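model_14.txt follows; it contains compact mmCIF, C-alpha atoms.
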```
# COMPACT_ATOMS: atom_id res chain seq x y z
CA MET H 4 25.13 -0.45 4.10
CA ASN H 5 22.29 -2.89 3.52
CA SER H 6 22.44 -6.22 5.37
CA THR H 7 19.24 -7.81 4.09
CA VAL H 8 18.90 -11.24 2.53
CA HIS H 9 16.47 -11.17 -0.41
CA ILE H 10 14.29 -14.01 -1.68
CA ILE H 11 13.29 -13.38 -5.29
CA GLU H 12 10.73 -15.61 -6.98
CA GLU H 13 12.14 -16.47 -10.40
CA GLN H 14 9.15 -18.57 -11.38
CA LYS H 15 6.45 -20.46 -9.52
CA SER H 16 8.06 -22.45 -6.66
CA ALA H 17 11.60 -21.48 -7.68
CA TYR H 18 13.44 -18.83 -5.67
CA ARG H 19 16.75 -17.00 -5.91
CA VAL H 20 18.33 -16.12 -2.57
CA VAL H 21 20.55 -13.03 -2.82
CA PHE H 22 22.94 -12.12 -0.02
CA PRO H 23 24.14 -8.60 0.90
CA ASP H 24 27.74 -9.83 0.80
CA PRO H 25 28.78 -9.22 -2.85
CA PHE H 26 31.26 -12.10 -2.61
CA THR H 27 28.54 -14.62 -1.74
CA GLU H 28 26.93 -16.06 -4.85
CA PRO H 29 23.11 -16.26 -5.09
CA VAL H 30 21.58 -19.65 -4.29
CA TYR H 31 18.55 -21.22 -5.94
CA ILE H 32 16.01 -23.21 -3.92
CA GLU H 33 12.72 -24.87 -4.81
CA ASP H 34 11.33 -26.38 -1.64
CA GLU H 35 11.55 -26.48 2.14
CA ASP H 36 14.11 -29.28 2.18
CA GLN H 37 16.50 -27.17 0.11
CA LEU H 38 15.79 -24.22 2.40
CA LYS H 39 16.73 -26.29 5.46
CA GLN H 40 19.95 -27.41 3.79
CA LEU H 41 20.86 -23.81 2.99
CA VAL H 42 20.04 -22.61 6.51
CA SER H 43 22.17 -25.40 7.98
CA ARG H 44 25.06 -24.48 5.70
CA LEU H 45 24.85 -20.80 6.59
CA LYS H 46 24.91 -21.60 10.31
CA SER H 47 27.94 -23.87 9.86
CA GLU H 48 29.71 -20.96 8.11
CA GLY H 49 28.94 -18.63 11.00
CA LYS H 50 26.37 -16.64 9.00
CA VAL H 51 23.69 -16.96 11.68
CA GLU H 52 21.98 -13.66 10.86
CA TYR H 53 21.59 -14.66 7.21
CA ALA H 54 20.09 -17.98 8.34
CA ARG H 55 17.64 -16.19 10.65
CA GLN H 56 16.50 -13.76 7.98
CA LEU H 57 16.10 -16.50 5.41
CA THR H 58 13.99 -18.63 7.74
CA GLU H 59 11.78 -15.69 8.73
CA LYS H 60 11.20 -14.64 5.13
CA TRP H 61 10.40 -18.17 4.03
CA VAL H 62 7.73 -18.33 6.75
CA ASN H 63 6.39 -14.95 5.61
CA LEU H 64 6.09 -16.17 2.01
CA ASN H 65 3.57 -18.74 3.16
CA LYS H 66 1.40 -16.39 5.23
CA LYS H 67 -2.04 -16.17 3.68
CA ASN H 68 -4.32 -14.49 6.21
CA PHE H 69 -4.05 -11.19 8.08
CA LYS H 70 -6.30 -9.11 10.32
CA ILE H 71 -6.68 -5.36 10.79
CA ASN H 72 -7.99 -4.68 14.28
CA TYR H 73 -8.65 -1.32 15.89
CA LYS H 74 -11.10 -0.28 18.60
CA GLY H 75 -13.32 -3.30 18.12
CA LYS H 76 -13.38 -3.08 14.33
CA PHE H 77 -11.96 -6.07 12.43
CA LEU H 78 -11.10 -6.64 8.81
CA ASN H 79 -10.00 -10.13 7.80
CA LEU H 80 -7.70 -10.28 4.80
CA GLY H 81 -6.73 -13.26 2.69
CA GLN H 82 -9.84 -14.89 1.29
CA LYS H 83 -11.60 -11.73 0.14
CA THR H 84 -9.79 -8.72 -1.28
CA ALA H 85 -10.66 -5.59 0.71
CA VAL H 86 -11.61 -2.35 -1.02
CA MET H 87 -10.47 1.08 0.14
CA GLY H 88 -12.66 3.84 -1.29
CA ILE H 89 -11.04 7.23 -1.93
CA LEU H 90 -12.48 10.54 -0.73
CA ASN H 91 -10.39 13.50 -1.88
CA LEU H 92 -11.12 16.77 -0.08
CA THR H 93 -8.82 18.87 -2.24
CA PRO H 94 -9.61 21.54 -4.86
CA ASP H 95 -6.99 20.10 -7.23
CA SER H 96 -7.68 16.35 -7.21
CA PHE H 97 -6.52 14.78 -10.48
CA SER H 98 -9.49 12.40 -10.48
CA ASP H 99 -12.58 14.32 -9.42
CA GLY H 100 -11.74 17.99 -9.87
CA GLY H 101 -12.51 18.99 -6.30
CA ILE H 102 -16.14 17.84 -6.15
CA TYR H 103 -16.03 17.30 -2.36
CA TYR H 104 -13.79 20.24 -1.44
CA ARG H 105 -15.40 22.38 1.30
CA ASN H 106 -18.69 20.52 0.88
CA ILE H 107 -19.32 18.38 3.97
CA ASP H 108 -22.80 17.23 2.98
CA ARG H 109 -21.66 16.01 -0.42
CA ALA H 110 -18.62 14.31 1.15
CA VAL H 111 -20.81 12.44 3.66
CA GLU H 112 -23.13 11.38 0.84
CA ARG H 113 -20.18 10.02 -1.13
CA VAL H 114 -18.96 8.02 1.88
CA ALA H 115 -22.45 6.58 2.35
CA GLN H 116 -22.52 5.65 -1.32
CA MET H 117 -19.12 3.92 -1.17
CA LEU H 118 -20.15 1.95 1.90
CA GLU H 119 -23.37 0.89 0.17
CA GLU H 120 -21.29 -0.21 -2.84
CA GLY H 121 -19.15 -2.43 -0.63
CA ALA H 122 -16.13 -0.41 0.51
CA ASP H 123 -14.35 -1.86 3.56
CA ILE H 124 -12.22 1.23 4.31
CA ILE H 125 -12.79 4.90 3.49
CA ASP H 126 -9.54 6.77 2.78
CA ILE H 127 -9.89 10.50 3.46
CA GLY H 128 -7.23 12.95 2.31
CA GLY H 129 -6.90 16.73 2.37
CA GLU H 130 -3.70 17.27 0.40
CA SER H 131 -3.08 16.23 -3.17
CA THR H 132 0.01 14.03 -3.42
CA ARG H 133 -0.04 13.53 -7.17
CA PRO H 134 3.34 14.13 -8.87
CA GLY H 135 4.00 17.86 -9.09
CA ALA H 136 1.44 18.86 -6.43
CA ALA H 137 2.32 21.75 -4.12
CA PRO H 138 2.12 21.16 -0.35
CA VAL H 139 -0.60 22.72 1.81
CA SER H 140 -0.26 24.08 5.32
CA LEU H 141 -1.07 22.07 8.43
CA GLU H 142 -3.94 24.42 9.23
CA GLU H 143 -5.46 24.12 5.76
CA GLU H 144 -5.27 20.32 5.78
CA MET H 145 -6.89 20.22 9.22
CA GLU H 146 -9.75 22.46 8.04
CA ARG H 147 -10.37 20.17 5.07
CA VAL H 148 -10.42 16.76 6.75
CA ILE H 149 -11.40 17.03 10.43
CA PRO H 150 -14.92 18.44 9.97
CA VAL H 151 -15.65 15.74 7.38
CA ILE H 152 -14.45 12.90 9.64
CA LYS H 153 -16.59 14.29 12.47
CA ALA H 154 -19.63 14.50 10.19
CA VAL H 155 -19.09 11.04 8.72
CA ARG H 156 -18.94 9.45 12.17
CA LYS H 157 -21.96 11.43 13.38
CA GLU H 158 -24.12 10.62 10.35
CA LEU H 159 -22.93 7.13 9.39
CA GLY H 160 -21.79 5.55 12.64
CA ASN H 161 -18.65 3.79 13.80
CA ASN H 162 -18.89 0.29 12.35
CA PHE H 163 -16.51 0.80 9.42
CA LEU H 164 -12.85 1.71 9.05
CA ILE H 165 -11.57 5.15 8.07
CA SER H 166 -7.99 5.84 7.06
CA ILE H 167 -6.48 9.32 7.09
CA ASP H 168 -4.25 9.99 4.10
CA THR H 169 -1.60 12.30 5.57
CA TYR H 170 2.11 12.54 6.26
CA LYS H 171 1.70 15.12 9.04
CA ALA H 172 1.68 13.81 12.61
CA PRO H 173 -0.71 16.48 14.01
CA VAL H 174 -3.26 15.71 11.27
CA ALA H 175 -2.96 11.99 12.01
CA LYS H 176 -3.51 12.63 15.73
CA ALA H 177 -6.54 14.85 15.25
CA ALA H 178 -8.07 12.52 12.66
CA VAL H 179 -7.75 9.40 14.82
CA GLU H 180 -9.10 11.25 17.85
CA GLU H 181 -12.17 12.20 15.79
CA GLY H 182 -12.80 8.70 14.46
CA ALA H 183 -10.18 7.60 11.94
CA ASP H 184 -8.64 4.15 12.47
CA ILE H 185 -5.63 3.91 10.14
CA VAL H 186 -2.85 6.34 9.24
CA ASN H 187 -2.02 6.14 5.53
CA ASP H 188 1.33 7.94 5.17
CA ILE H 189 2.60 8.24 1.59
CA SER H 190 6.08 8.96 2.90
CA GLY H 191 6.36 5.82 5.03
CA MET H 192 6.92 8.03 8.11
CA THR H 193 9.84 9.93 6.55
CA PHE H 194 8.42 13.41 5.89
CA ASP H 195 7.48 14.14 9.51
CA PRO H 196 10.03 12.97 12.11
CA LYS H 197 7.27 12.84 14.73
CA MET H 198 4.96 10.51 12.81
CA ALA H 199 6.31 7.18 14.13
CA GLU H 200 6.03 8.25 17.76
CA MET H 201 2.55 9.65 17.08
CA VAL H 202 1.36 6.36 15.53
CA ALA H 203 2.84 4.47 18.48
CA SER H 204 0.96 6.67 20.94
CA LEU H 205 -2.30 6.21 19.01
CA ASP H 206 -1.63 2.44 18.74
CA CYS H 207 -3.38 2.35 15.36
CA PRO H 208 -2.54 0.58 12.09
CA VAL H 209 -0.25 2.47 9.71
CA VAL H 210 0.36 2.13 5.98
CA ILE H 211 4.05 2.26 5.09
CA ASN H 212 4.06 3.61 1.56
CA HIS H 213 7.19 4.02 -0.55
CA THR H 214 7.96 7.26 -2.32
CA ARG H 215 11.09 8.89 -3.61
CA GLY H 216 11.00 12.61 -2.86
CA ARG H 217 8.10 14.92 -2.08
CA PRO H 218 5.22 15.23 -4.55
CA ASP H 219 6.56 18.38 -6.20
CA GLN H 220 9.89 16.66 -6.96
CA MET H 221 9.20 12.91 -6.93
CA GLN H 222 9.29 12.43 -10.71
CA GLU H 223 12.65 14.13 -11.21
CA LYS H 224 15.68 11.96 -12.08
CA VAL H 225 14.12 8.68 -11.00
CA TYR H 226 16.53 5.75 -11.02
CA TYR H 227 16.63 2.30 -9.42
CA ASN H 228 19.09 -0.56 -9.72
CA ASP H 229 16.25 -2.94 -8.82
CA VAL H 230 12.99 -1.16 -8.03
CA VAL H 231 11.39 -4.04 -6.11
CA VAL H 232 14.44 -4.91 -4.03
CA GLU H 233 15.00 -1.24 -3.14
CA ILE H 234 11.36 -0.72 -2.11
CA ILE H 235 11.43 -3.87 0.02
CA GLU H 236 14.59 -2.61 1.74
CA PHE H 237 12.97 0.78 2.39
CA ILE H 238 9.79 -0.71 3.84
CA GLU H 239 11.73 -3.20 5.95
CA ASN H 240 13.87 -0.40 7.38
CA GLN H 241 10.84 1.80 8.11
CA ILE H 242 9.08 -1.03 9.90
CA LYS H 243 12.18 -1.60 12.06
CA TYR H 244 12.30 2.14 12.74
CA GLY H 245 8.60 2.20 13.66
CA ILE H 246 8.99 -0.74 16.03
CA SER H 247 11.94 1.02 17.68
CA LYS H 248 9.63 3.99 18.33
CA GLY H 249 6.97 1.80 19.93
CA ILE H 250 4.66 0.74 17.09
CA ARG H 251 3.43 -2.80 17.60
CA LYS H 252 4.56 -5.32 15.01
CA ASP H 253 1.00 -6.23 14.00
CA ARG H 254 0.10 -2.64 13.12
CA PHE H 255 1.80 -2.37 9.71
CA ILE H 256 0.30 -2.45 6.21
CA ILE H 257 2.66 -2.06 3.25
CA ASP H 258 2.19 -0.21 -0.04
CA PRO H 259 4.88 -0.14 -2.77
CA GLY H 260 3.68 3.29 -3.88
CA ILE H 261 2.62 2.97 -7.51
CA GLY H 262 3.31 6.29 -9.24
CA PHE H 263 5.23 7.86 -6.34
CA GLY H 264 8.71 8.50 -7.68
CA LYS H 265 8.38 5.83 -10.38
CA TYR H 266 8.24 5.82 -14.16
CA VAL H 267 5.87 3.60 -16.17
CA GLU H 268 8.34 0.72 -16.35
CA HIS H 269 8.81 0.79 -12.56
CA ASN H 270 5.06 0.63 -11.95
CA ILE H 271 4.69 -2.32 -14.31
CA GLU H 272 7.59 -4.17 -12.70
CA ILE H 273 6.17 -3.63 -9.20
CA ILE H 274 2.80 -5.06 -10.22
CA LYS H 275 4.39 -7.98 -12.06
CA ARG H 276 6.64 -8.80 -9.08
CA LEU H 277 4.21 -7.89 -6.29
CA ASN H 278 4.38 -11.42 -4.86
CA GLU H 279 7.96 -10.70 -3.77
CA PHE H 280 6.65 -8.28 -1.15
CA ARG H 281 5.18 -11.27 0.70
CA VAL H 282 8.62 -11.83 2.28
CA LEU H 283 7.89 -8.90 4.58
CA GLY H 284 4.98 -10.75 6.20
CA TYR H 285 2.43 -7.91 6.15
CA PRO H 286 -0.81 -7.22 4.27
CA ILE H 287 -0.20 -5.52 0.92
CA LEU H 288 -2.15 -2.47 -0.21
CA ILE H 289 -2.00 -1.37 -3.84
CA GLY H 290 -3.15 1.95 -5.31
CA ILE H 291 -3.51 1.77 -9.09
CA SER H 292 -6.80 3.55 -9.67
CA ARG H 293 -6.82 6.10 -12.52
CA LYS H 294 -3.07 6.77 -12.32
CA SER H 295 -1.24 8.40 -15.21
CA PHE H 296 0.81 5.34 -16.19
CA ILE H 297 -2.47 3.77 -17.36
CA GLU H 298 -3.03 6.64 -19.78
CA LEU H 299 0.53 6.42 -21.09
CA ILE H 300 0.21 2.70 -21.79
CA LEU H 301 -3.20 3.05 -23.46
CA LYS H 302 -2.09 6.01 -25.56
CA ASN H 303 1.03 4.24 -26.77
CA LEU H 304 -0.54 0.85 -27.44
CA THR H 305 -4.09 1.68 -28.57
CA GLY H 306 -3.45 4.93 -30.43
CA ARG H 307 -5.78 7.08 -28.33
CA ASP H 308 -4.94 10.78 -28.16
CA SER H 309 -5.79 11.05 -24.47
CA VAL H 310 -7.29 8.99 -21.66
CA PRO H 311 -8.51 11.35 -18.91
CA PRO H 312 -8.80 10.02 -15.34
CA GLU H 313 -12.54 9.33 -15.54
CA GLU H 314 -11.92 7.05 -18.56
CA ARG H 315 -9.23 4.88 -16.91
CA LEU H 316 -11.52 2.38 -15.17
CA SER H 317 -10.88 -0.49 -17.58
CA GLY H 318 -7.13 0.05 -17.41
CA SER H 319 -7.27 0.31 -13.63
CA LEU H 320 -9.13 -2.98 -13.34
CA GLY H 321 -6.79 -4.74 -15.75
CA ALA H 322 -3.74 -3.81 -13.68
CA THR H 323 -5.63 -4.53 -10.45
CA ALA H 324 -6.39 -8.08 -11.59
CA TYR H 325 -2.69 -8.82 -11.99
CA ALA H 326 -1.88 -7.22 -8.64
CA VAL H 327 -4.53 -9.21 -6.77
CA MET H 328 -3.44 -12.49 -8.35
CA ASN H 329 0.09 -11.58 -7.24
CA GLY H 330 -0.82 -11.04 -3.60
CA ALA H 331 -2.54 -7.67 -3.02
CA HIS H 332 -4.87 -7.79 -0.01
CA ILE H 333 -6.34 -4.27 -0.22
CA VAL H 334 -7.16 -2.29 -3.37
CA ARG H 335 -7.44 1.51 -3.14
CA THR H 336 -9.89 2.85 -5.72
CA HIS H 337 -12.02 5.78 -6.88
CA ASP H 338 -14.54 3.39 -8.50
CA VAL H 339 -15.88 1.32 -5.61
CA LYS H 340 -18.91 -0.37 -7.17
CA GLU H 341 -17.08 -1.58 -10.27
CA THR H 342 -14.03 -2.65 -8.30
CA VAL H 343 -16.06 -4.59 -5.72
CA GLU H 344 -17.93 -6.47 -8.44
CA PHE H 345 -14.72 -7.13 -10.37
CA LEU H 346 -12.92 -8.44 -7.27
CA THR H 347 -15.89 -10.58 -6.28
CA LEU H 348 -15.46 -12.53 -9.51
CA ILE H 349 -11.68 -12.77 -9.14
CA ASP H 350 -11.88 -13.93 -5.52
CA THR H 351 -14.62 -16.46 -6.34
CA ILE H 352 -12.72 -18.00 -9.25
CA ARG H 353 -9.42 -17.93 -7.37
CA GLY H 354 -10.92 -19.67 -4.35
CA TYR H 355 -12.93 -22.25 -6.29
CA ARG H 356 -11.83 -25.82 -5.64
CA ILE H 357 -12.28 -28.31 -8.47
CA VAL H 358 -13.18 -31.75 -7.13
```
If you convert what's in this file into structure tokens, what do you get?
Amino acid sequence: MNSTVHIIEEQKSAYRVVFPDPFTEPVYIEDEDQLKQLVSRLKSEGKVEYARQLTEKWVNLNKKNFKINYKGKFLNLGQKTAVMGILNLTPDSFSDGGIYYRNIDRAVERVAQMLEEGADIIDIGGESTRPGAAPVSLEEEMERVIPVIKAVRKELGNNFLISIDTYKAPVAKAAVEEGADIVNDISGMTFDPKMAEMVASLDCPVVINHTRGRPDQMQEKVYYNDVVVEIIEFIENQIKYGISKGIRKDRFIIDPGIGFGKYVEHNIEIIKRLNEFRVLGYPILIGISRKSFIELILKNLTGRDSVPPEERLSGSLGATAYAVMNGAHIVRTHDVKETVEFLTLIDTIRGYRIV
């Protein structure tokens, strides 16, 4: 049974506090003075754990800056939105049709191009995790990603971050040993029971992504009472689990998992309410780029017959703008140059101080 207190932003500077006890009515607060009054009341009623959670989450809501740090490489988050460029090493990628599959030279060239265009992180994956995708063997995934990581580090150096997009602990281990810095696990460390202990032993950052079911089944019978609250609960529980296995508290990055076990309306609601994830107190990664919900929206509302992945840049950037204004710190994208330029304008306007 869940025992988490939730803080839900109803509108700017107005919050609804929801308690796990169904007999305790939600409370509305607007400022720190009201928070202190509520915390004091909860303590007087013996609800010390509720008071602790509420205080911690209120502090988290006001966190603005974060840092990714691994083996001497730093990425500061908060003022500038970071860009994670995607390198798919699969024959069945929905976005690039397998351009870089089994072609190390072309893959290295693409990484060099993304770095030149301004990517802060390169996300390398050897198994398609799009809805409906079939799994690949451990051996096959290793053969796809490890030689490329080796070549990238040999040819392009070690002064940038690489994330390995995998849910398999042995792949994560091999990738980090060959030069990767971050484990990006779409399952949030649920598909492989050894992943949390592996990340702890590597002492590297890890992305806790939310999904519902494996890729070949994730879009079947999808239902949520409250998609944002349920994802927050999942991520919170997985972080606690990871810490219990030895992962340091400052190693987590969170990703609500756009498109992973969600319908169009769920994806829209996540983006619209992304600021609620701030209560967790971790940097937020969002992956919107070229996803199918963009096509469905554009087809339904603009009358287009189809919007293939390579034509979803405008839609991707439109949704990304809303996500960044709502608190995303890292944007995962196929289109690095356009996304970097787009975010440069957003970050500049957002940070401009009128005097």
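Residue nearest Thr193 of chain H within the list H:Lys157, H:His213, H:Lys76, H:Arg147: H:His213 [criterion: smallest interatomic distance, all atoms listed in the file].
The two atoms in question, atom CA of Arg315 of chain H and atom CA of Thr93 of chain H, are spaced 20.3 Å apart.
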Write out as CSV a residue-level contact list of segment 229-291 of chain H versus segment 320-323 of chain H with cut-off 9 Å: for each qualifying residue the closest pair of atoms and the distance in Å to one decimal, counting only C-alpha atoms, rows sorted by chain and residue number upward.
```
residue,atom,partner,partner_atom,distance
H:Ile271,CA,H:Ala322,CA,8.6
H:Ile274,CA,H:Ala322,CA,7.5
H:Ile289,CA,H:Thr323,CA,8.2
H:Gly290,CA,H:Thr323,CA,8.6
H:Ile291,CA,H:Thr323,CA,6.8
```
Since we have the selection now, will you write its residues out, keeping C-alpha atoms, as a tab-separated table (two decimals), in the frame of the given file?
```
chain	number	residue	atom	x	y	z
H	271	ILE	CA	4.69	-2.32	-14.31
H	274	ILE	CA	2.80	-5.06	-10.22
H	289	ILE	CA	-2.00	-1.37	-3.84
H	290	GLY	CA	-3.15	1.95	-5.31
H	291	ILE	CA	-3.51	1.77	-9.09
```
Inset, instruction - May I have the residues within 10 Å of Arg133 of chain H as a PyMOL selection string, using only C-alpha atoms and disregarding those fewer than 2 positions away in the same chain? - result: chain H and resi 95-97+130-131+135-137+217-219+221+262-263+294-295
For the residues in the current selection, export C-alpha atoms as a PDB file, keeping the file's coordinate frame.
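The result, written out as result.pdb:
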```pdb
ATOM      1  CA  ASP H  95      -6.990  20.100  -7.230  1.00  0.00           C
ATOM      2  CA  SER H  96      -7.680  16.350  -7.210  1.00  0.00           C
ATOM      3  CA  PHE H  97      -6.520  14.780 -10.480  1.00  0.00           C
ATOM      4  CA  GLU H 130      -3.700  17.270   0.400  1.00  0.00           C
ATOM      5  CA  SER H 131      -3.080  16.230  -3.170  1.00  0.00           C
ATOM      6  CA  GLY H 135       4.000  17.860  -9.090  1.00  0.00           C
ATOM      7  CA  ALA H 136       1.440  18.860  -6.430  1.00  0.00           C
ATOM      8  CA  ALA H 137       2.320  21.750  -4.120  1.00  0.00           C
ATOM      9  CA  ARG H 217       8.100  14.920  -2.080  1.00  0.00           C
ATOM     10  CA  PRO H 218       5.220  15.230  -4.550  1.00  0.00           C
ATOM     11  CA  ASP H 219       6.560  18.380  -6.200  1.00  0.00           C
ATOM     12  CA  MET H 221       9.200  12.910  -6.930  1.00  0.00           C
ATOM     13  CA  GLY H 262       3.310   6.290  -9.240  1.00  0.00           C
ATOM     14  CA  PHE H 263       5.230   7.860  -6.340  1.00  0.00           C
ATOM     15  CA  LYS H 294      -3.070   6.770 -12.320  1.00  0.00           C
ATOM     16  CA  SER H 295      -1.240   8.400 -15.210  1.00  0.00           C
TER      17      SER H 295
END
```
Compile a residue-level contact table for segment 122-159 of chain H against segment 165-171 of chain H at a cut-off of 8 Å, reporting for every qualifying residue the shortest atom pair and its distance in Å to one decimal, with all atoms listed in the file counted, rows ordered by chain and ascending number, as a Markdown table.
```
| residue | atom | partner | partner_atom | distance |
| --- | --- | --- | --- | --- |
| H:Ile124 | CA | H:Ile165 | CA | 5.5 |
| H:Ile125 | CA | H:Ile165 | CA | 4.7 |
| H:Asp126 | CA | H:Ser166 | CA | 4.6 |
| H:Ile127 | CA | H:Ile167 | CA | 5.1 |
| H:Gly128 | CA | H:Asp168 | CA | 4.6 |
| H:Gly129 | CA | H:Asp168 | CA | 7.4 |
| H:Glu130 | CA | H:Thr169 | CA | 7.5 |
| H:Leu141 | CA | H:Lys171 | CA | 7.5 |
```
